[in-house]
Structure formats: structure tokens, C-alpha cells
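Colleague: So here's final-v1.txt (compact mmCIF, C-alpha atoms).
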# COMPACT_ATOMS: atom_id res chain seq x y z
CA PHE I 1 9.54 -7.92 -63.42
CA ALA I 2 6.61 -9.54 -61.63
CA ILE I 3 6.18 -6.29 -59.69
CA ALA I 4 6.45 -4.20 -62.83
CA ALA I 5 3.95 -6.40 -64.67
CA ALA I 6 1.38 -5.87 -61.94
CA VAL I 7 1.18 -2.13 -62.53
CA PHE I 8 -0.56 -2.25 -65.90
CA ALA I 9 -4.27 -2.20 -65.14
CA SER I 10 -5.16 1.30 -66.24
CA GLY I 11 -8.48 3.07 -66.16
CA GLY I 12 -9.66 6.34 -67.62
CA PRO I 13 -8.07 9.69 -66.81
CA ALA I 14 -9.52 11.61 -63.91
CA GLN I 15 -10.49 15.24 -63.93
CA VAL I 16 -7.46 17.51 -64.00
CA THR I 17 -6.89 19.33 -60.73
CA PRO I 18 -5.32 22.77 -61.23
CA PRO I 19 -1.68 22.48 -60.11
CA PRO I 20 -0.52 24.47 -57.07
CA THR I 21 1.07 27.69 -58.25
CA THR I 22 3.75 28.06 -55.56
CA TYR I 23 6.68 25.88 -54.53
CA ALA I 24 5.54 25.81 -50.89
CA ALA I 25 2.07 24.58 -51.86
CA ARG I 26 3.51 21.86 -54.10
CA LEU I 27 5.90 20.76 -51.35
CA ARG I 28 3.09 20.51 -48.79
CA LEU I 29 1.03 18.46 -51.25
CA LEU I 30 3.92 16.07 -51.96
CA LEU I 31 4.78 15.65 -48.27
CA ALA I 32 1.16 14.68 -47.61
CA LYS I 33 1.22 12.31 -50.59
CA ASP I 34 4.49 10.74 -49.40
CA ASP I 35 2.97 9.83 -46.02
CA ILE I 36 4.77 6.59 -45.09
CA ARG I 37 1.40 5.00 -44.29
CA MET I 38 0.64 5.08 -48.02
CA ALA I 39 3.39 2.50 -48.58
CA PHE I 40 1.39 -0.05 -46.55
CA VAL I 41 -2.08 0.54 -48.00
CA ARG I 42 -3.37 -2.66 -49.62
CA ARG I 43 -4.75 -2.73 -53.13
CA ALA I 44 -8.29 -3.50 -51.90
CA GLU I 45 -8.21 -0.48 -49.59
CA ALA I 46 -6.92 1.75 -52.38
CA GLU I 47 -9.69 0.58 -54.72
CA ARG I 48 -12.29 1.22 -52.01
CA ALA I 49 -10.85 4.74 -51.59
CA GLN I 50 -11.22 5.29 -55.34
CA ARG I 51 -14.90 4.37 -55.16
CA LEU I 52 -15.47 6.69 -52.20
CA VAL I 53 -13.81 9.60 -54.00
CA ALA I 54 -15.83 8.89 -57.15
CA LEU I 55 -19.13 8.88 -55.23
CA GLY I 56 -18.23 11.83 -53.03
CA SER I 57 -20.76 12.91 -50.43
CA GLU I 58 -23.50 11.02 -52.30
CA GLY I 59 -21.91 7.72 -51.23
CA GLY I 60 -22.79 8.32 -47.58
CA ALA I 61 -19.18 8.72 -46.41
CA SER I 62 -18.34 11.35 -43.82
CA GLU I 63 -16.03 14.25 -44.63
CA VAL I 64 -13.28 12.64 -42.54
CA GLU I 65 -13.60 9.39 -44.52
CA LEU I 66 -13.56 11.30 -47.80
CA GLU I 67 -10.46 13.25 -46.79
CA TRP I 68 -8.63 10.02 -45.93
CA ALA I 69 -9.83 8.43 -49.19
CA ARG I 70 -8.48 11.39 -51.19
CA ARG I 71 -5.13 11.05 -49.46
CA VAL I 72 -5.04 7.31 -50.16
CA VAL I 73 -5.87 7.84 -53.83
CA ALA I 74 -3.23 10.56 -54.17
CA GLY I 75 -0.57 8.40 -52.52
CA THR I 76 -1.32 5.03 -54.12
CA THR I 77 -2.98 5.58 -57.49
CA HIS I 78 -1.52 6.69 -60.81
CA PRO I 79 -3.57 9.39 -62.60
CA SER I 80 -4.42 6.80 -65.28
CA GLY I 81 -6.29 4.78 -62.64
CA TYR I 82 -4.16 1.80 -61.64
CA VAL I 83 -2.98 1.12 -58.09
CA ILE I 84 0.82 1.32 -57.88
CA PRO I 85 2.45 -1.65 -56.10
CA ARG I 86 3.56 -0.79 -52.58
CA PRO I 87 7.39 -0.91 -53.10
CA LEU I 88 7.08 1.44 -56.11
CA ARG I 89 4.98 4.18 -54.53
CA ALA I 90 6.47 7.60 -53.88
CA ALA I 91 6.02 7.08 -50.12
CA ALA I 92 8.23 3.96 -50.27
CA TYR I 93 10.91 5.45 -52.54
CA PRO I 94 13.02 7.13 -49.83
CA PHE I 95 13.19 4.01 -47.69
CA MET I 96 13.82 1.66 -50.63
CA ASN I 97 16.77 3.90 -51.50
CA VAL I 98 18.35 4.00 -48.03
CA PRO I 99 20.51 0.88 -48.59
CA LEU I 100 21.45 2.11 -52.07
CA VAL I 101 22.60 5.55 -50.88
CA LEU I 102 24.33 3.97 -47.89
CA GLY I 103 26.18 1.62 -50.24
CA CYS I 104 27.32 4.52 -52.43
CA LEU I 105 28.69 6.32 -49.37
CA LEU I 106 30.32 3.31 -47.74
CA PHE I 107 31.79 1.83 -50.94
CA SER I 108 32.71 5.05 -52.75
CA GLN I 109 36.40 4.03 -52.75
CA SER I 110 35.81 0.53 -54.12
CA MET I 111 35.16 0.35 -57.86
CA VAL I 112 33.81 -3.22 -57.79
CA LEU I 113 31.41 -2.68 -54.90
CA LEU I 114 30.25 0.67 -56.27
CA CYS I 115 29.46 -0.98 -59.62
CA LEU I 116 27.48 -3.67 -57.79
CA VAL I 117 25.48 -1.06 -55.86
CA GLN I 118 24.78 0.78 -59.11
CA MET I 119 23.45 -2.39 -60.76
CA ILE I 120 20.95 -2.82 -57.92
CA ASN I 121 20.14 0.89 -57.90
CA GLN I 122 19.46 1.12 -61.63
CA THR I 123 17.36 -2.04 -61.66
CA PHE I 124 15.07 -0.56 -59.01
CA ASN I 125 15.00 2.83 -60.74
CA ALA I 126 14.06 1.29 -64.09
CA ILE I 127 10.99 -0.40 -62.58
CA PHE I 128 10.12 2.73 -60.56
CA ASN I 129 10.32 4.86 -63.72
CA ILE I 130 7.97 2.49 -65.54
CA ALA I 131 5.46 2.43 -62.69
CA ASN I 132 5.37 6.22 -62.24
CA GLY I 133 5.89 7.49 -65.77
CA ALA I 134 3.30 9.35 -67.81
CA GLY I 135 3.32 6.83 -70.65
CA ILE I 136 2.61 3.70 -68.61
CA ALA I 137 -0.86 3.08 -70.03
CA SER I 138 0.66 1.86 -73.30
CA GLY I 139 2.13 -1.19 -71.52
CA PHE I 140 5.64 -2.66 -71.44
CA LYS I 141 7.64 -5.69 -72.48
CA LYS I 142 10.30 -7.43 -70.40
CA ARG I 143 12.65 -7.51 -73.37
CA LYS I 144 12.49 -3.73 -73.69
CA VAL I 145 13.09 -3.23 -69.96
CA VAL I 146 16.24 -5.39 -70.12
CA ARG I 147 17.38 -3.63 -73.30
CA ASP I 148 17.02 -0.21 -71.65
CA LEU I 149 18.64 -1.33 -68.39
CA ILE I 150 21.91 -2.52 -69.97
CA PRO I 151 23.00 0.91 -71.31
CA ALA I 152 22.26 2.48 -67.93
CA LEU I 153 24.48 -0.06 -66.15
CA MET I 154 27.22 0.39 -68.76
CA ALA I 155 27.06 4.17 -68.34
CA ALA I 156 27.36 3.90 -64.54
CA CYS I 157 30.28 1.48 -64.64
CA GLY I 158 32.00 3.50 -67.39
CA MET I 159 31.70 6.69 -65.36
CA ILE I 160 33.12 4.93 -62.29
CA LEU I 161 36.15 3.72 -64.26
CA LEU I 162 36.73 7.17 -65.77
CA ALA I 163 36.30 8.95 -62.44
CA GLN I 164 38.65 6.50 -60.71
CA ARG I 165 41.34 7.25 -63.29
CA VAL I 166 40.85 11.00 -62.89
CA GLU I 167 40.94 10.63 -59.11
CA ARG I 168 44.26 8.74 -59.23
CA ALA I 169 45.73 11.40 -61.55
CA LEU I 170 44.81 14.26 -59.20
CA PRO I 171 47.48 15.49 -56.76
CA TRP I 172 44.94 15.42 -53.95
CA ARG I 173 42.65 12.68 -52.70
CA GLY I 174 40.04 12.47 -49.99
CA SER I 175 36.43 11.91 -49.11
CA ALA I 176 35.26 14.81 -51.28
CA THR I 177 36.83 13.25 -54.39
CA SER I 178 35.33 9.84 -53.55
CA LEU I 179 31.94 11.47 -53.06
CA LEU I 180 32.26 13.12 -56.47
CA VAL I 181 32.94 9.70 -58.02
CA ALA I 182 29.78 8.30 -56.42
CA TYR I 183 27.69 11.31 -57.54
CA LEU I 184 28.89 11.21 -61.15
CA SER I 185 28.23 7.49 -61.42
CA VAL I 186 24.69 7.87 -60.03
CA VAL I 187 23.95 10.83 -62.34
CA ALA I 188 25.35 9.13 -65.45
CA ALA I 189 23.32 5.98 -64.90
CA GLY I 190 20.22 7.87 -63.77
CA VAL I 191 20.11 10.11 -66.85
CA VAL I 192 20.48 7.19 -69.26
CA ASN I 193 18.08 5.00 -67.26
CA LEU I 194 15.29 7.56 -67.03
CA THR I 195 15.68 8.66 -70.64
CA LEU I 196 15.53 5.09 -71.96
CA SER I 197 12.84 3.76 -69.64
CA ARG I 198 10.58 6.72 -70.51
CA ARG I 199 11.67 7.27 -74.11
CA SER I 200 8.22 6.23 -75.39
CA GLU I 201 6.86 9.45 -73.88
CA CYS I 202 9.23 11.40 -76.16
CA THR I 203 8.83 9.27 -79.29
CA GLN I 204 5.17 8.20 -79.08
CA GLY I 205 3.85 11.04 -76.93
CA VAL I 206 1.59 11.27 -73.89
CA LEU I 207 -2.07 12.16 -73.48
CA VAL I 208 -2.92 15.83 -73.03
CA SER I 209 -6.27 16.96 -71.64
CA ASP I 210 -8.26 20.09 -71.07
CA ALA I 211 -9.04 21.49 -67.63
CA ALA I 212 -12.01 19.12 -67.26
CA GLY I 213 -9.82 16.07 -67.87
CA ARG I 214 -11.20 15.42 -71.36
CA PRO I 215 -8.53 13.78 -73.58
CA LEU I 216 -7.59 15.96 -76.53
CA ALA I 217 -4.56 14.46 -78.26
CA THR I 218 -1.28 12.58 -77.89
CA SER I 219 1.72 14.88 -77.89
CA GLN I 220 5.45 14.18 -78.15
CA ALA I 221 6.25 17.74 -77.06
CA ALA I 222 4.33 17.21 -73.83
CA GLY I 223 6.19 13.94 -73.26
CA ARG I 224 9.56 15.62 -73.75
CA ALA I 225 8.57 18.41 -71.35
CA GLY I 226 7.73 15.86 -68.63
CA VAL I 227 10.91 13.81 -69.10
CA ALA I 228 13.09 16.95 -69.08
CA ARG I 229 11.67 18.01 -65.73
CA ALA I 230 12.16 14.52 -64.31
CA LEU I 231 15.81 14.55 -65.43
CA ILE I 232 16.45 17.80 -63.59
CA THR I 233 14.73 16.83 -60.35
CA ARG I 234 15.35 13.07 -60.09
CA SER I 235 18.58 12.48 -62.01
CA LEU I 236 20.57 15.63 -61.22
CA LEU I 237 19.29 17.25 -58.02
CA LEU I 238 18.12 14.30 -55.93
CA PRO I 239 21.46 12.38 -56.01
CA LEU I 240 23.26 15.58 -55.02
CA VAL I 241 20.96 16.10 -52.05
CA ALA I 242 20.97 12.41 -51.09
CA LEU I 243 24.75 12.04 -51.10
CA VAL I 244 25.94 15.42 -49.86
CA THR I 245 23.46 16.16 -47.06
CA PRO I 246 24.07 12.99 -44.97
CA THR I 247 27.84 13.44 -45.41
CA VAL I 248 27.70 17.04 -44.17
CA LEU I 249 25.45 16.10 -41.25
CA MET I 250 27.76 13.23 -40.23
CA ALA I 251 30.79 15.52 -40.45
CA GLY I 252 29.02 18.02 -38.20
CA VAL I 253 28.11 15.38 -35.61
CA GLU I 254 31.64 13.95 -35.65
CA GLY I 255 32.96 17.44 -35.05
CA LEU I 256 30.72 17.77 -32.00
CA VAL I 257 31.42 14.21 -30.80
CA PRO I 258 35.07 13.45 -31.63
CA GLY I 259 34.91 9.83 -30.41
CA LEU I 260 31.89 8.91 -32.52
CA LYS I 261 33.93 6.90 -35.06
CA GLN I 262 34.92 4.46 -32.34
CA TRP I 263 31.26 3.53 -31.91
CA LYS I 264 30.84 2.03 -35.36
CA VAL I 265 27.32 0.68 -34.83
CA VAL I 266 26.06 3.99 -33.47
CA ALA I 267 27.72 5.90 -36.31
CA LEU I 268 26.17 3.56 -38.89
CA LEU I 269 22.68 3.87 -37.38
CA LEU I 270 23.05 7.63 -37.26
CA GLU I 271 24.09 7.73 -40.91
CA ILE I 272 21.09 5.56 -41.88
CA LEU I 273 18.82 7.96 -39.97
CA PHE I 274 20.30 10.96 -41.80
CA ILE I 275 19.92 9.23 -45.18
CA ALA I 276 16.28 8.27 -44.53
CA ALA I 277 15.40 11.78 -43.34
CA THR I 278 17.20 13.39 -46.27
CA LEU I 279 15.43 11.20 -48.83
CA ALA I 280 12.02 11.56 -47.16
CA ILE I 281 12.29 15.35 -47.39
CA GLY I 282 14.71 15.68 -50.31
CA LEU I 283 12.64 13.78 -52.87
CA PRO I 284 9.50 15.95 -52.40
CA ALA I 285 11.70 19.06 -52.19
CA CYS I 286 13.29 18.28 -55.58
CA VAL I 287 10.13 17.05 -57.32
CA ALA I 288 8.18 20.11 -56.10
CA LEU I 289 10.31 22.39 -58.27
CA PHE I 290 7.82 21.66 -61.08
CA PRO I 291 4.07 20.97 -60.89
CA ALA I 292 3.04 17.32 -61.28
CA THR I 293 0.47 18.45 -63.82
CA VAL I 294 2.20 20.55 -66.45
CA ARG I 295 0.13 23.41 -67.91
CA MET I 296 1.23 24.00 -71.49
CA PRO I 297 0.08 26.56 -74.06
CA PHE I 298 -1.84 24.88 -76.85
CA GLY I 299 0.55 26.44 -79.34
CA ALA I 300 3.51 24.61 -77.74
CA LEU I 301 2.19 21.28 -79.01
CA GLU I 302 3.46 19.94 -82.32
CA ARG I 303 1.26 20.53 -85.34
CA SER I 304 0.02 16.95 -85.53
CA ALA I 305 -1.17 17.10 -81.89
CA GLN I 306 -2.87 20.45 -82.51
CA ALA I 307 -4.65 19.00 -85.51
CA GLU I 308 -5.75 15.96 -83.51
CA ALA I 309 -7.11 18.18 -80.74
CA ARG I 310 -9.07 20.26 -83.26
CA ARG I 311 -10.60 17.10 -84.69
CA THR I 312 -11.55 16.00 -81.17
CA VAL I 313 -13.29 19.15 -79.94
CA GLY I 314 -13.71 21.30 -83.00
CA ASP I 315 -11.54 24.17 -84.18
CA GLY I 316 -13.44 26.85 -82.31
CA ARG I 317 -13.42 25.00 -78.98
CA VAL I 318 -9.70 24.38 -78.60
CA PRO I 319 -8.52 25.48 -75.11
CA GLU I 320 -5.82 28.07 -74.65
CA HIS I 321 -3.87 25.69 -72.39
CA VAL I 322 -3.65 21.90 -72.08
CA PHE I 323 -2.62 19.73 -69.13
CA VAL I 324 -0.39 16.68 -68.92
CA PHE I 325 0.74 14.52 -66.00
CA ARG I 326 4.55 14.53 -66.21
CA GLY I 327 5.29 11.59 -63.89
CA LEU I 328 7.75 11.59 -61.00
Please go through the file and, once you have read it, give me the structure as C-alpha cells.
Modeller:
Amino acid sequence: FAIAAAVFASGGPAQVTPPPTTYAARLRLLLAKDDIRMAFVRRAEAERAQRLVALGSEGGASEVELEWARRVVAGTTHPSGYVIPRPLRAAAYPFMNVPLVLGCLLFSQSMVLLCLVQMINQTFNAIFNIANGAGIASGFKKRKVVRDLIPALMAACGMILLAQRVERALPWRGSATSLLVAYLSVVAAGVVNLTLSRRSECTQGVLVSDAAGRPLATSQAAGRAGVARALITRSLLLPLVALVTPTVLMAGVEGLVPGLKQWKVVALLLEILFIAATLAIGLPACVALFPATVRMPFGALERSAQAEARRTVGDGRVPEHVFVFRGL
């Protein structure tokens, strides 16, 4: 909670950058943002990069320095202005999850150990969701974090128990069935965790802006749109990629090198390498399915948000589309 508490030092929203229109462009942008070096950038360096970007060429920085500053800001700073703690940045996410995915794969046949791994996994995910959500500027309370975490853990453990019973009732057993148990437990907990930890975005709404970054209104519809996209990419697709891909790669290597299982240390290191590579590429590949900045028709907002926007800019100056940062 000390890490989560450190993330709430928000500033004003920056100008909205038009989102890339193609999947390939979004993936390239996310891969650049997830540069592992961003996980080691100190807060002071990130704040200096913010100042350089704000001043632009007028600050006396060279184009090379400005380009690096833009990359640092993109990889370390939330759109609301605060510097995300290093373990909770997108660049650190794949490597923070390596031991969690490895645990799910190694302990997929042990209910007790799998529940333990899920408790650690969901605790990290809850704090990550808070740090990278669109509604973070409103703050958080430890009591609410604990309250939201408990249902996620209960859902994960309940799914494990149910899946174990189904697995024992099936006439066939094997690694594929155990992998399915691990996937269902991760998905069940992830859906509940993300929904609860970001429920304020759905109930209280998130800030929507025009193309110039000018705040217009707070919209629940925009919040629900962001959370729905995060559920698809982070809670459903990413666990599938993270669990299945390393398993398939290991099976392929073991087929090429039949005696690999005898070298347990080598096999373990190889599996860790596959997991890290899969997460480093898989997370951006899943998240890139949707733009980070969602472009919504003004008419898709609820009536109260439309009325608020009209009061802000005037009825005749309402934009055709609004923009909202959806979070990771």
C-alpha cells in the first residue's frame, strides 16, 4: 500500500494526442513505451523529462534530448501528470509477472499452491490497476483496496476448487486440463479484480476532453468503455497468451531435445526466458487491440455528461467527438 499511496500526485491533463489508427502503429508505440529502461528511470529524471517536453525547443534542449524526454514521459508518467512508481510501470509489468506465471504453470496441479500464487498475483494486479487506471486522480483508500481485493481472491480460489472437481470427474487428465484450471482461475480473479478496483470509473465516471485536451465533462459511459476494453485485453486475452505460449514453446523444444527434462535447471531457465519474452511482447500485443485514447462520439455520452459539456463550452461549440484515456 505504500507503493500505491505514492502514485497520487496528479497534475492537469495534457493535450490529447490523436490515437494511432492502425494496430501496427499502436503496437510499435506500446513497444517503445514498454522499453525496459523505463522501469529504472528515477522520479527526478522523469520530472525533468516532463519539464523538457513542456518547454519544447524553447528550453534549449536538442532534438535528441527532446526525443528521449518524450519517451521517458510516455513510459513513466500517467496522462494525469503523476510519475508512476517503477514496479507499477508498463515496462516493469512483464518482468514482475514472470514469477506469477511460472508459479501458475509449475503448480497447476496443486490446489493449495495455485491459490497461494493467485493471492500474490491479485494483490499485485489490484495495485497495478489503481496506478494505471483512468480514474486515479480521485484518490484511493486502503480500506477500499482491501475490500475489493477479497472478492477477487475468493473468485480465484472458488474457480480453482470448481475446476479441480470438474477435472477429477473427466475421463481424461493431463497437462492441457491442468493448464485450463490455471487459466480459468486467473481469468475469474482478474475479471473481478479489475472490475472492482476500477469500478469508480463506471459509477463516478472519468474525465472526457476535446482534441486540444480541454476538460469537458465527467462521463460514466466513457468509464465503462475503458473498463470493458481492459477486461478484454488484460483479463481475458493476456492470461491466455501468457500461459499457452510458453507451454507450446517448451513442448516444441522438448520435442527437438528429448533429454531436456533431465536438465531441470536448464529447462527451468528456458521456461523463464519464454515467459519473459511472451509477456514483454504479449502485453503490448493485447493492449494494442484498442487505442489508449478512446475517441467517442459526443452522442454516446450520457445525457448528464452532454449537458455538463454544453455548460462548459457552450451549446454551439460542442465537439463531434470526445477523447478519454482508458487506462491499461
Colleague: Go through I:Leu260, I:Ala300, I:Val287, I:Val324 and flag the residue nearest Leu27 in chain I, using only C-alpha atoms for the distances.
Modeller: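 Ranking I:Leu260, I:Ala300, I:Val287, I:Val324 by distance to Leu27 in chain I, first place goes to I:Val287.
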Colleague: Edge lengths and centre in Å to one decimal, as AutoDock Vina command-line options, of the axis-aligned box that encloses all listed atoms of range 181-187 of chain I with 4 Å added on every side?
Modeller:
--center_x 28.4 --center_y 9.4 --center_z -59.4 --size_x 17.0 --size_y 11.8 --size_z 13.9
Colleague: Determine, counting only C-alpha atoms, which protein, DNA and RNA residues have an atom within 6 Å of an atom of Ser219 in chain I; residues of the same chain fewer than 4 positions away are not included. Present the result as a tab-separated table (two decimals) with C-alpha atoms, in the frame of the given file.
Modeller:
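For reference, selection.tsv as written:
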chain	number	residue	atom	x	y	z
I	205	GLY	CA	3.85	11.04	-76.93
I	206	VAL	CA	1.59	11.27	-73.89
I	305	ALA	CA	-1.17	17.10	-81.89
Colleague: Taking all atoms listed in the file into account, which of I:Cys202, I:Ala221, I:Ala211, I:Ala61 comes nearest Glu302 in chain I?
Modeller: I:Ala221
Colleague: Can you pull out the residues contacting Arg303 in chain I? Cut-off 12 Å, using only C-alpha atoms, and skip same-chain residues under 2 positions away; I want them as a PyMOL selection string.
Modeller: chain I and resi 217-221+298-301+305-310
Colleague: Can you write out the residues you just picked, keeping C-alpha atoms, as a tab-separated table (two decimals), in the frame of the given file?
Modeller:
chain	number	residue	atom	x	y	z
I	217	ALA	CA	-4.56	14.46	-78.26
I	218	THR	CA	-1.28	12.58	-77.89
I	219	SER	CA	1.72	14.88	-77.89
I	220	GLN	CA	5.45	14.18	-78.15
I	221	ALA	CA	6.25	17.74	-77.06
I	298	PHE	CA	-1.84	24.88	-76.85
I	299	GLY	CA	0.55	26.44	-79.34
I	300	ALA	CA	3.51	24.61	-77.74
I	301	LEU	CA	2.19	21.28	-79.01
I	305	ALA	CA	-1.17	17.10	-81.89
I	306	GLN	CA	-2.87	20.45	-82.51
I	307	ALA	CA	-4.65	19.00	-85.51
I	308	GLU	CA	-5.75	15.96	-83.51
I	309	ALA	CA	-7.11	18.18	-80.74
I	310	ARG	CA	-9.07	20.26	-83.26
Colleague: So what do you get for CA of Val98 in chain I versus CA of Leu283 in chain I, distance-wise?
Modeller: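 Taking CA of Val98 in chain I and CA of Leu283 in chain I, their separation equals 12.3 Å.
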Colleague: Looking at I:Glu67, I:Arg26, I:Leu88, I:Ala54, which one is nearest to Phe40 in chain I, with distances taken over all atoms listed in the file?
Modeller: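 Using all atoms listed in the file, Phe40 in chain I sits closest to I:Leu88.
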Colleague: What's the 12 Å shell around Leu231 in chain I, counting all atoms listed in the file, without same-chain residues fewer than 2 positions away, as a ChimeraX atom specification?
Modeller: /I:129,187-198,224-229,233-239,286-287,289-290,326-328
Colleague: Given only C-alpha atoms as the basis, pick out the residue of I:Leu256, I:Ala169, I:Leu216, I:Leu240 nearest to Val186 in chain I.
Modeller: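 For Val186 in chain I, the nearest of the candidates is I:Leu240.
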Colleague: Tell me, in Å to one decimal, how far CA of Val166 in chain I is from CA of Ser110 in chain I.
Modeller: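 Distance reported for this atom pair: 14.6 Å.
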Colleague: At what distance in Å, to one decimal, does CA of Phe325 in chain I lie from CA of Thr293 in chain I?
Modeller: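 Interatomic distance, CA of Thr293 in chain I to CA of Phe325 in chain I: 4.5 Å.
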Colleague: So that I can see what lies close to Val101 in chain I, please list as a list in words the residues with an atom at most 8 Å from it, counting all atoms listed in the file and leaving out residues fewer than 2 positions away in the same chain.
Modeller: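 What passes the distance filter is Asn97, Val98, Pro99, Gly103, Cys104, Leu105, Ala242, Leu243 and Ile275 of chain I.
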Colleague: Only C-alpha atoms, please: the residues just picked out, written as a tab-separated table (two decimals), in the frame of the given file.
Modeller:
chain	number	residue	atom	x	y	z
I	97	ASN	CA	16.77	3.90	-51.50
I	98	VAL	CA	18.35	4.00	-48.03
I	99	PRO	CA	20.51	0.88	-48.59
I	103	GLY	CA	26.18	1.62	-50.24
I	104	CYS	CA	27.32	4.52	-52.43
I	105	LEU	CA	28.69	6.32	-49.37
I	242	ALA	CA	20.97	12.41	-51.09
I	243	LEU	CA	24.75	12.04	-51.10
I	275	ILE	CA	19.92	9.23	-45.18
Colleague: Write out as number ranges by chain the residues lying within 12 Å of range 264-268 of chain I, counting all atoms listed in the file and excluding same-chain residues fewer than 5 positions away.
Modeller: I: 99, 102-103, 105-106, 246-247, 249-251, 253-254, 257-259, 273-275
Colleague: Once you count only C-alpha atoms, which residues end up no further than 12 Å from (29.6, -3.9, -59.5) in the file's frame, shown as a PyMOL selection string?
Modeller: chain I and resi 103-104+107-108+110-122+153-154+156-158+160-161+185
Colleague: Let me make sure I understand: among I:Ala24, I:Arg86, I:Arg71, I:Leu30, which one has the smallest atom-to-atom distance to Arg43 in chain I if we use only C-alpha atoms?
Modeller: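 Closest residue, counting only C-alpha atoms: I:Arg86.
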Colleague: Between I:Thr278, I:Gln50, I:Asn125, I:Thr312, single out the one closest to Leu66 in chain I, counting all atoms listed in the file.
Modeller: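 Of I:Thr278, I:Gln50, I:Asn125, I:Thr312, the one nearest Leu66 in chain I is I:Gln50, counting all atoms listed in the file.
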